[in-house]
Every structure is written in C-alpha cells, then in structure tokens.
Amino acid sequence: MSNMISYRTRTPSLFPETRFFEDFMRPFFTASPADSFRVDVKDEGEKFVLEAELPGVSRDSIVVDVNDGVLTIGAEWNDSKKENENGYVISERRSGSVKRSFNVENIDEGLITAKYENGVLTLDLPKILPEKKEPRKIEIL
C-alpha cells in the first residue's frame, strides 16, 4: 500500500487545558501553520499529485529536493524596502522562509516532476508499483 505522510513537529497534548497555552505561545517559539504553506495531495492511482500554495514567491526562490525517502519543499523571500525610499514613510513588506518535508518512501524519486504556475507548485510523484509476477508452472520430477 502506498501512502504519503507529512512529517509532524508537534505531538498531541494529553491534557486539553494545556493545549490552549501551547497554541497561544506557538507563534513565538515554533512555526505555526500561518508561517508555513498549505498542501493538497491527491491519489491518482499510479501517482500522487502534491499542490503547494506559495503565492508571491518567485520560482527561483523555491527549492525542492529528495533525499533518503524524504521530499523537502522550501522557499525564501525578502520583499523589504528601506524607509524613505521613493518617498515611503512606512512600507510593510514580508520576508521569511518556509519548509515542509514529506515521507516519499514508496515514490519513484527519479521520475518526480515539478511545475510552478500562478503561485501553486505542483509535483507529480509516481508510485513504485509492485512487480506483477507471472505464474509459472513447476515441473514435478
């Protein structure tokens, strides 16, 4: 059976009342979902299709690599402007980086393809299909 599992950095809390504190403080200490990017994964039979939302990120700023059964998607950007540049008194721009990793042990790493269009990175992840063995007749001596 083929599957894709996103790596998780946080384990569920045994005590729901402490989760409020964890959720409240997370943006200060770890990456929150707002600091990451959203991903959809579809199973299309012979392959998975992963769609990652990276709006406003240039193609050159995206890095996709695969190593030892782990696919990593990362991006960096820096849209900051200096104060008083071109008459601006305040210029709110974003800068930062994001990275997510996925288990792709059952994926044929050599056949992965990627395209980036309209802020969406699409990866085709072909599954390693089990070999079909032909039945053979065993001769009895």
# chains A, B, ... in the order shown; residues from 1 in each chain; ligands from 1
$ residues_around --residues "Gly69 of chain A" --least-positions-apart "3" --cutoff "8 Å" --atoms "only C-alpha atoms" --output "tab-separated table (two decimals) with N, CA and C atoms, in the first residue's frame"
chain	number	residue	atom	x	y	z
A	66	VAL	N	14.90	15.75	-2.76
A	66	VAL	CA	14.50	14.47	-2.20
A	66	VAL	C	15.77	13.73	-1.80
A	103	ASN	N	7.23	12.12	3.69
A	103	ASN	CA	7.74	10.77	3.52
A	103	ASN	C	7.35	10.30	2.12
A	104	VAL	N	8.34	9.97	1.29
A	104	VAL	CA	8.06	9.51	-0.07
A	104	VAL	C	8.78	8.18	-0.33
A	105	GLU	N	8.77	7.30	0.65
A	105	GLU	CA	9.48	6.03	0.52
A	105	GLU	C	8.94	5.17	-0.61
A	106	ASN	N	7.66	5.27	-0.93
A	106	ASN	CA	7.05	4.45	-1.98
A	106	ASN	C	6.91	5.21	-3.30
A	107	ILE	N	7.73	6.24	-3.48
A	107	ILE	CA	7.70	7.07	-4.69
A	107	ILE	C	8.96	6.81	-5.50
$ residues_around --residues "segment 53-65 of chain A" --least-positions-apart "3" --cutoff "9 Å" --atoms "only C-alpha atoms" --output "list in words"
Phe37, Arg38, Val39, Asp40, Val70, Leu71, Thr72, Ile73, Gly74, Ala75, Glu76, Trp77, Ala114, Tyr116, Glu117, Asn118, Gly119, Val120, Leu121 and Thr122 of chain A
$ atom_distance --atom1 "atom CA of Ala52 of chain A" --atom2 "atom CA of Glu109 of chain A"
18.1 Å
$ atom_distance --atom1 "atom CA of Ser36 of chain A" --atom2 "atom CA of Pro126 of chain A"
24.9 Å
